[in-house]
Structures are given as C-alpha cells and as structure tokens.
Amino acid sequence: MEGQLAHIGAGLAAIGSGAAAIGVGNVAGNYLAGALRNPSAAASQTATLFIGIAFAEALGIFSFLVALLLMFAV
Amino acid sequence: MASEAHGAETGGLVFHPMDQFIVKPLFGGDTIHWYTVTNVTLWMALSVVAVIGLMVLGTRRRAVVPSRSQSIGELAYGFVYKMVEDVAGKDAIKFFPYIMTLFMFIVMANFLGLLPMSFATTSHFAVTIVLALMVFLTVTIVGFVKNGAGFLGLFWVSSAPLALRPVLALIEIISYFVRPVSHSIRLAGNIMAGHAVLKVFAGFAAIAVVSPLSVVAITAMYGLEVLVAFIQAYVFTILTCVYLKDALHPSH
C-alpha cells in the first residue's frame, strides 16, 4: 500500500515539470516578443535568456528529483 | 534492487530505464573502494583525455589557417573568454582557466555520455555536486578575501526599505546556500532525465506496432539531447560567472 502511495506521489510530482514548462515558456516567449520589437538589442540578452531559463527549469528538475526519490528511495 | 527484479520477470528486450546509471567495477569484484576503476571513472578519464586531445594536440601546430580541431579549440576558447568577460567583468579574467576547465570537462562528459554504450558521468549527482561545491567554495573564499566583511553586503539589500532588509537578508542567505544544490542538480537532473527518456523510447521499440514511431522519437530526442548537452554545460559555466561576479562586486 505504501509503495503504491509513493507511486501516486511520484505522479503528482510530475505536475511540477508542467509548471516548469510554463515558466520556461514565459521566459522564452517574452524574450522573443522583446527581441522582435528591438532586434538590435536581442543578441546582447541571450545570456540573460539562458540564465532565466536555467532558474525556471531548476525548480522543475527539483520536482523530477522528488519523483525519483519517491520511486526508488522510499 | 528493483531493476534486477524487473529483468527477471520480463527478460528479453524489456529493461529498466534507470539501469544505465548503475556504477560497476570494470575489473570484477563487488566492493567499490575509492581507488576502484569503475565505468564512471573510466568515462571521466576519457573526457579529460578528449579535452587534452582537442586543446593541446589540436592546437599544437598553431597554424595561421587552422585545421578543423584547431578551429574548434579556438572557437571554444573565444566563446568562454567572451562569456567570462561579459558576465563576470574584466577583473574576473584571472579565473578564466578554471571556468574554461569546467566548461570543457562538462561539455566533453556530456557529449561522450551520448555515445551509444557509453556512460554519462554527469548524470550522477556525486560528480556534479563535487563540481558545484568547488565553485561554491571558490566563490565564497574569493568573496571574503577580496572584500573582507564587505562580502556580507551581498545579503544586506541597501536599496530596500530598512524594515524589509532583515527579511530580505534571510531570503538572500537561503538562496545563497541553495546555490550549490540547484547548480549541481540542474546539470545531473537534465542529463539523467534525457538519458532515461531515450531508454524509455528504446523500450517501446520492442513492440512491433509502435516501433517505427519509437525509432523516430529516439532520433528526435537524441537531437534534443545533443542540444541539451551543450546548453547545460553553457548554463553551468555562465552561472559560475554570475556567482563570481557576485563575489567580486557584492554590492546590491
């Protein structure tokens, strides 16, 4: 029973990757919107884009980690 | 372990997607000591050899018209140099060798991990946590050596209202100490998730109805993983540069 509950929890933790997807999409979409308005400034902001994506993505990876822990460590 | 039970039940082409991350001693024996040669240490050594091969042997001739390996080496050097200069500032250039080493090692380990039958060393938290802790310690020590107690100004947001500052200081301190965790887990989690997804699709290839779809999916995912392997190395190094900038100029 407990093992099955852990599997349900792992599935629920996978919702976190969807939330991270929203965050990453937000960052990339806003970057593209800004870049199309001012293409000359776009190239100088790619580093910021990747930092933003990395920070948004890290939290999704945390939920993946929680899912892994529930699947294999609990 | 759960994986052996899976293999025994089903056998054949069905395998557990996490089996690829099991650390095995290469020359027999069951116990792993610190000096045991395992598949992790072998592939880490191979990535170091690959970096040396590219950067030392590739640029040995110093031709004016570069060969292919020399131009890749020059490209990587210029790329990282510009990143350090742009993100961390001119006075961070003396840390360029360290950051270049980090980048080349991670990018090589990621790419070698993508070879069929190889082992993705950066998918192990033990590997990336060592890299991230080294960055964390370096940055903290550099911050205190360069600025003395002024480094604590990183946590004291002087532009915020006075009443808010203790709260912000608490948040800043927590976020500072979570840095090595997120720094390492981002790299290992991305690589591990990508390789696990590849293996999941490979498992579907055994079912005749979906196997063409599965082969297409593996090809597409593999292309994405090549991109991710580079981007994660880039993100790791650029975050190192950001942390270094915080250490050199801690004022908010």
# chains A, B, ... in the order shown; residues from 1 in each chain; ligands from 1
$ closest_atom_pairs --of "chain A" --to "chain B" --cutoff "10 Å" --atoms "only C-alpha atoms" --output "CSV"
residue,atom,partner,partner_atom,distance
A:Ser44,CA,B:Asp86,CA,9.4
A:Ala47,CA,B:Ile238,CA,7.7
A:Thr48,CA,B:Val87,CA,9.3
A:Phe50,CA,B:Val235,CA,6.7
A:Ile51,CA,B:Val235,CA,6.7
A:Gly52,CA,B:Val235,CA,9.9
A:Ile53,CA,B:Val235,CA,9.1
A:Ala54,CA,B:Val235,CA,6.7
A:Phe55,CA,B:Ser182,CA,8.6
A:Glu57,CA,B:Arg186,CA,7.7
A:Ala58,CA,B:Arg186,CA,5.4
A:Leu59,CA,B:Ser182,CA,8.3
A:Gly60,CA,B:Arg186,CA,9.2
A:Ile61,CA,B:Gly189,CA,6.0
A:Phe62,CA,B:Ile185,CA,7.6
A:Phe64,CA,B:Gly189,CA,7.6
A:Leu65,CA,B:Gly189,CA,7.2
A:Phe72,CA,B:Ala2,CA,8.1
$ write_last_selection --atoms "C-alpha atoms" --output "JSON list (two decimals), in the first residue's frame"
[["chain", "number", "residue", "atom", "x", "y", "z"],
["A", 44, "SER", "CA", 23.24, 41.05, -26.06],
["A", 47, "ALA", "CA", 23.00, 35.16, -21.79],
["A", 48, "THR", "CA", 20.22, 36.60, -19.62],
["A", 50, "PHE", "CA", 19.67, 31.27, -20.68],
["A", 51, "ILE", "CA", 20.14, 32.26, -17.05],
["A", 52, "GLY", "CA", 16.38, 32.88, -16.79],
["A", 53, "ILE", "CA", 15.59, 29.55, -18.42],
["A", 54, "ALA", "CA", 18.05, 27.80, -16.12],
["A", 55, "PHE", "CA", 16.48, 29.26, -12.99],
["A", 57, "GLU", "CA", 13.98, 24.95, -15.14],
["A", 58, "ALA", "CA", 15.80, 24.16, -11.89],
["A", 59, "LEU", "CA", 12.53, 24.05, -9.98],
["A", 60, "GLY", "CA", 11.06, 21.59, -12.49],
["A", 61, "ILE", "CA", 14.15, 19.45, -12.06],
["A", 62, "PHE", "CA", 13.58, 19.55, -8.29],
["A", 64, "PHE", "CA", 11.67, 15.39, -11.04],
["A", 65, "LEU", "CA", 14.09, 14.66, -8.22],
["A", 72, "PHE", "CA", 13.49, 4.49, -5.83]]
$ select_by_dssp --residues "segment 35-106 of chain B" --states "helix (DSSP H, G or I)" --output "ChimeraX atom specification"
/B:39-57,68-88,90-106
$ closest_residue --among "A:Ala35, A:Ala67, A:Ala73, A:Leu49" --to "Ser17 of chain A" --atoms "only C-alpha atoms"
A:Ala67
$ residues_around --residues "Ile99 of chain B" --least-positions-apart "5" --cutoff "12 Å" --atoms "only C-alpha atoms" --output "number ranges by chain"
B: 76-77, 79-85, 88, 92-94, 104-106, 131-132, 134-135, 138-139, 233-244
$ write_last_selection --atoms "C-alpha atoms" --output "compact mmCIF listing (two decimals), in the first residue's frame"
# COMPACT_ATOMS: atom_id res chain seq x y z
CA ALA B 76 35.68 27.13 -27.52
CA TYR B 77 38.41 29.36 -26.07
CA PHE B 79 33.42 31.56 -26.54
CA VAL B 80 34.29 31.02 -22.88
CA TYR B 81 36.63 34.03 -22.76
CA LYS B 82 33.90 36.32 -24.06
CA MET B 83 31.41 34.81 -21.60
CA VAL B 84 33.69 35.46 -18.62
CA GLU B 85 34.44 38.98 -19.81
CA ALA B 88 31.72 38.41 -14.70
CA ALA B 92 37.38 38.08 -13.41
CA ILE B 93 39.67 37.14 -16.30
CA LYS B 94 42.19 35.62 -13.89
CA MET B 104 35.41 21.81 -21.43
CA PHE B 105 35.12 18.97 -18.91
CA ILE B 106 31.34 19.21 -18.64
CA LEU B 131 31.92 20.44 -9.30
CA ALA B 132 29.25 22.72 -7.79
CA MET B 134 34.15 23.58 -5.69
CA VAL B 135 32.54 26.57 -7.41
CA THR B 138 35.89 29.18 -4.58
CA VAL B 139 33.33 31.94 -4.88
CA ALA B 233 27.41 22.97 -19.92
CA TYR B 234 26.85 26.58 -21.03
CA VAL B 235 24.37 27.21 -18.21
CA PHE B 236 26.71 25.67 -15.62
CA THR B 237 29.59 27.91 -16.70
CA ILE B 238 27.50 31.05 -17.07
CA LEU B 239 26.08 30.58 -13.56
CA THR B 240 29.63 30.16 -12.30
CA CYS B 241 30.39 33.52 -13.92
CA VAL B 242 27.32 35.10 -12.29
CA TYR B 243 28.34 33.80 -8.86
CA LEU B 244 31.88 35.04 -9.46
$ residues_around --residues "Ile171 of chain B" --least-positions-apart "5" --cutoff "12 Å" --atoms "only C-alpha atoms" --output "PyMOL selection string"
chain B and resi 154-157+164-166+176-178
$ write_last_selection --atoms "C-alpha atoms" --output "PDB file, in the first residue's frame"
ATOM      1  CA  LEU B 154      25.570  40.713  -0.649  1.00  0.00           C
ATOM      2  CA  PHE B 155      22.921  39.728   1.885  1.00  0.00           C
ATOM      3  CA  TRP B 156      22.079  43.257   3.050  1.00  0.00           C
ATOM      4  CA  VAL B 157      19.996  44.820   0.272  1.00  0.00           C
ATOM      5  CA  LEU B 164      12.283  44.863   4.823  1.00  0.00           C
ATOM      6  CA  ARG B 165      16.038  44.317   4.965  1.00  0.00           C
ATOM      7  CA  PRO B 166      16.168  41.579   7.673  1.00  0.00           C
ATOM      8  CA  TYR B 176      22.959  31.658  -1.351  1.00  0.00           C
ATOM      9  CA  PHE B 177      23.212  28.284   0.352  1.00  0.00           C
ATOM     10  CA  VAL B 178      20.798  26.598  -2.079  1.00  0.00           C
TER      11      VAL B 178
END
$ closest_residue --among "B:Ala163, B:Leu112, B:Ile174, B:Ala247" --to "Leu137 of chain B" --atoms "only C-alpha atoms"
B:Ala247
$ atom_distance --atom1 "atom CA of Gly148 of chain B" --atom2 "atom CA of Pro250 of chain B"
10.7 Å
$ residues_around --residues "Met71 of chain A" --least-positions-apart "5" --cutoff "7 Å" --atoms "only C-alpha atoms" --output "MDAnalysis selection string"
chainID A and resid 6:7 10
$ write_last_selection --atoms "C-alpha atoms" --output "short mmCIF file (atom, residue, chain, number, x, y, z; two decimals), in the first residue's frame"
data_model
loop_
_atom_site.label_atom_id
_atom_site.label_comp_id
_atom_site.auth_asym_id
_atom_site.auth_seq_id
_atom_site.Cartn_x
_atom_site.Cartn_y
_atom_site.Cartn_z
CA ALA A 6 4.65 6.58 -3.27
CA HIS A 7 3.93 5.94 -6.94
CA ALA A 10 5.68 10.47 -7.91
#
$ atom_distance --atom1 "atom CA of Asp246 of chain B" --atom2 "atom CA of Leu152 of chain B"
10.9 Å
$ closest_residue --among "A:Ala41, A:Gly3, A:Gly9, A:Ala56" --to "Gly25 of chain A" --atoms "only C-alpha atoms"
A:Ala56
$ decode --residues "segment 22-57 of chain A" --atoms "N, CA and C atoms" --output "PDB file, in the first residue's frame"
ATOM      1  N   ILE A  22       5.665  25.925 -18.067  1.00  0.00           N
ATOM      2  CA  ILE A  22       5.023  27.236 -18.172  1.00  0.00           C
ATOM      3  C   ILE A  22       6.054  28.337 -17.945  1.00  0.00           C
ATOM      4  N   GLY A  23       6.895  28.139 -16.907  1.00  0.00           N
ATOM      5  CA  GLY A  23       7.891  29.153 -16.588  1.00  0.00           C
ATOM      6  C   GLY A  23       8.890  29.357 -17.710  1.00  0.00           C
ATOM      7  N   VAL A  24       9.405  28.248 -18.260  1.00  0.00           N
ATOM      8  CA  VAL A  24      10.388  28.345 -19.330  1.00  0.00           C
ATOM      9  C   VAL A  24       9.747  28.974 -20.566  1.00  0.00           C
ATOM     10  N   GLY A  25       8.495  28.585 -20.841  1.00  0.00           N
ATOM     11  CA  GLY A  25       7.796  29.165 -21.987  1.00  0.00           C
ATOM     12  C   GLY A  25       7.604  30.661 -21.821  1.00  0.00           C
ATOM     13  N   ASN A  26       7.296  31.072 -20.593  1.00  0.00           N
ATOM     14  CA  ASN A  26       7.149  32.503 -20.307  1.00  0.00           C
ATOM     15  C   ASN A  26       8.431  33.262 -20.610  1.00  0.00           C
ATOM     16  N   VAL A  27       9.556  32.728 -20.108  1.00  0.00           N
ATOM     17  CA  VAL A  27      10.844  33.396 -20.308  1.00  0.00           C
ATOM     18  C   VAL A  27      11.142  33.504 -21.797  1.00  0.00           C
ATOM     19  N   ALA A  28      11.045  32.369 -22.510  1.00  0.00           N
ATOM     20  CA  ALA A  28      11.417  32.367 -23.921  1.00  0.00           C
ATOM     21  C   ALA A  28      10.454  33.213 -24.744  1.00  0.00           C
ATOM     22  N   GLY A  29       9.153  33.143 -24.422  1.00  0.00           N
ATOM     23  CA  GLY A  29       8.169  33.918 -25.171  1.00  0.00           C
ATOM     24  C   GLY A  29       8.367  35.408 -25.001  1.00  0.00           C
ATOM     25  N   ASN A  30       8.620  35.828 -23.756  1.00  0.00           N
ATOM     26  CA  ASN A  30       8.827  37.255 -23.530  1.00  0.00           C
ATOM     27  C   ASN A  30      10.117  37.734 -24.170  1.00  0.00           C
ATOM     28  N   TYR A  31      11.130  36.850 -24.169  1.00  0.00           N
ATOM     29  CA  TYR A  31      12.380  37.216 -24.837  1.00  0.00           C
ATOM     30  C   TYR A  31      12.123  37.438 -26.323  1.00  0.00           C
ATOM     31  N   LEU A  32      11.348  36.515 -26.923  1.00  0.00           N
ATOM     32  CA  LEU A  32      11.090  36.625 -28.361  1.00  0.00           C
ATOM     33  C   LEU A  32      10.281  37.882 -28.658  1.00  0.00           C
ATOM     34  N   ALA A  33       9.286  38.173 -27.806  1.00  0.00           N
ATOM     35  CA  ALA A  33       8.483  39.376 -28.021  1.00  0.00           C
ATOM     36  C   ALA A  33       9.354  40.620 -27.961  1.00  0.00           C
ATOM     37  N   GLY A  34      10.259  40.652 -26.964  1.00  0.00           N
ATOM     38  CA  GLY A  34      11.155  41.792 -26.857  1.00  0.00           C
ATOM     39  C   GLY A  34      12.127  41.866 -28.016  1.00  0.00           C
ATOM     40  N   ALA A  35      12.623  40.689 -28.426  1.00  0.00           N
ATOM     41  CA  ALA A  35      13.619  40.652 -29.496  1.00  0.00           C
ATOM     42  C   ALA A  35      13.018  41.109 -30.816  1.00  0.00           C
ATOM     43  N   LEU A  36      11.736  40.814 -31.046  1.00  0.00           N
ATOM     44  CA  LEU A  36      11.119  41.245 -32.302  1.00  0.00           C
ATOM     45  C   LEU A  36      10.856  42.747 -32.297  1.00  0.00           C
ATOM     46  N   ARG A  37      10.636  43.318 -31.132  1.00  0.00           N
ATOM     47  CA  ARG A  37      10.452  44.766 -31.065  1.00  0.00           C
ATOM     48  C   ARG A  37      11.762  45.504 -31.278  1.00  0.00           C
ATOM     49  N   ASN A  38      12.837  44.941 -30.737  1.00  0.00           N
ATOM     50  CA  ASN A  38      14.132  45.610 -30.830  1.00  0.00           C
ATOM     51  C   ASN A  38      15.209  44.582 -31.169  1.00  0.00           C
ATOM     52  N   PRO A  39      15.276  44.159 -32.434  1.00  0.00           N
ATOM     53  CA  PRO A  39      16.191  43.067 -32.803  1.00  0.00           C
ATOM     54  C   PRO A  39      17.647  43.405 -32.542  1.00  0.00           C
ATOM     55  N   SER A  40      18.020  44.689 -32.554  1.00  0.00           N
ATOM     56  CA  SER A  40      19.430  45.023 -32.384  1.00  0.00           C
ATOM     57  C   SER A  40      19.906  44.754 -30.958  1.00  0.00           C
ATOM     58  N   ALA A  41      18.978  44.770 -29.991  1.00  0.00           N
ATOM     59  CA  ALA A  41      19.370  44.521 -28.602  1.00  0.00           C
ATOM     60  C   ALA A  41      19.267  43.043 -28.238  1.00  0.00           C
ATOM     61  N   ALA A  42      18.754  42.217 -29.173  1.00  0.00           N
ATOM     62  CA  ALA A  42      18.458  40.832 -28.812  1.00  0.00           C
ATOM     63  C   ALA A  42      19.718  40.034 -28.513  1.00  0.00           C
ATOM     64  N   ALA A  43      20.757  40.225 -29.358  1.00  0.00           N
ATOM     65  CA  ALA A  43      21.943  39.370 -29.221  1.00  0.00           C
ATOM     66  C   ALA A  43      22.623  39.566 -27.878  1.00  0.00           C
ATOM     67  N   SER A  44      22.547  40.792 -27.328  1.00  0.00           N
ATOM     68  CA  SER A  44      23.241  41.047 -26.063  1.00  0.00           C
ATOM     69  C   SER A  44      22.503  40.443 -24.881  1.00  0.00           C
ATOM     70  N   GLN A  45      21.273  39.965 -25.100  1.00  0.00           N
ATOM     71  CA  GLN A  45      20.480  39.468 -23.974  1.00  0.00           C
ATOM     72  C   GLN A  45      20.349  37.951 -23.956  1.00  0.00           C
ATOM     73  N   THR A  46      21.047  37.241 -24.880  1.00  0.00           N
ATOM     74  CA  THR A  46      20.882  35.783 -24.904  1.00  0.00           C
ATOM     75  C   THR A  46      21.397  35.148 -23.621  1.00  0.00           C
ATOM     76  N   ALA A  47      22.470  35.720 -23.045  1.00  0.00           N
ATOM     77  CA  ALA A  47      22.998  35.160 -21.794  1.00  0.00           C
ATOM     78  C   ALA A  47      21.946  35.258 -20.698  1.00  0.00           C
ATOM     79  N   THR A  48      21.286  36.426 -20.612  1.00  0.00           N
ATOM     80  CA  THR A  48      20.223  36.602 -19.623  1.00  0.00           C
ATOM     81  C   THR A  48      19.093  35.608 -19.871  1.00  0.00           C
ATOM     82  N   LEU A  49      18.799  35.373 -21.164  1.00  0.00           N
ATOM     83  CA  LEU A  49      17.743  34.412 -21.514  1.00  0.00           C
ATOM     84  C   LEU A  49      18.065  33.038 -20.938  1.00  0.00           C
ATOM     85  N   PHE A  50      19.331  32.609 -21.142  1.00  0.00           N
ATOM     86  CA  PHE A  50      19.673  31.267 -20.685  1.00  0.00           C
ATOM     87  C   PHE A  50      19.710  31.195 -19.167  1.00  0.00           C
ATOM     88  N   ILE A  51      20.153  32.267 -18.519  1.00  0.00           N
ATOM     89  CA  ILE A  51      20.140  32.262 -17.050  1.00  0.00           C
ATOM     90  C   ILE A  51      18.703  32.151 -16.555  1.00  0.00           C
ATOM     91  N   GLY A  52      17.794  32.924 -17.195  1.00  0.00           N
ATOM     92  CA  GLY A  52      16.385  32.875 -16.791  1.00  0.00           C
ATOM     93  C   GLY A  52      15.793  31.498 -16.990  1.00  0.00           C
ATOM     94  N   ILE A  53      16.103  30.902 -18.154  1.00  0.00           N
ATOM     95  CA  ILE A  53      15.591  29.554 -18.422  1.00  0.00           C
ATOM     96  C   ILE A  53      16.136  28.571 -17.398  1.00  0.00           C
ATOM     97  N   ALA A  54      17.434  28.734 -17.066  1.00  0.00           N
ATOM     98  CA  ALA A  54      18.053  27.801 -16.122  1.00  0.00           C
ATOM     99  C   ALA A  54      17.391  27.885 -14.759  1.00  0.00           C
ATOM    100  N   PHE A  55      17.106  29.127 -14.302  1.00  0.00           N
ATOM    101  CA  PHE A  55      16.482  29.264 -12.987  1.00  0.00           C
ATOM    102  C   PHE A  55      15.062  28.702 -12.990  1.00  0.00           C
ATOM    103  N   ALA A  56      14.312  28.940 -14.089  1.00  0.00           N
ATOM    104  CA  ALA A  56      12.950  28.428 -14.143  1.00  0.00           C
ATOM    105  C   ALA A  56      12.958  26.909 -14.204  1.00  0.00           C
ATOM    106  N   GLU A  57      13.943  26.388 -14.920  1.00  0.00           N
ATOM    107  CA  GLU A  57      13.977  24.952 -15.138  1.00  0.00           C
ATOM    108  C   GLU A  57      14.416  24.204 -13.887  1.00  0.00           C
TER     109      GLU A  57
END
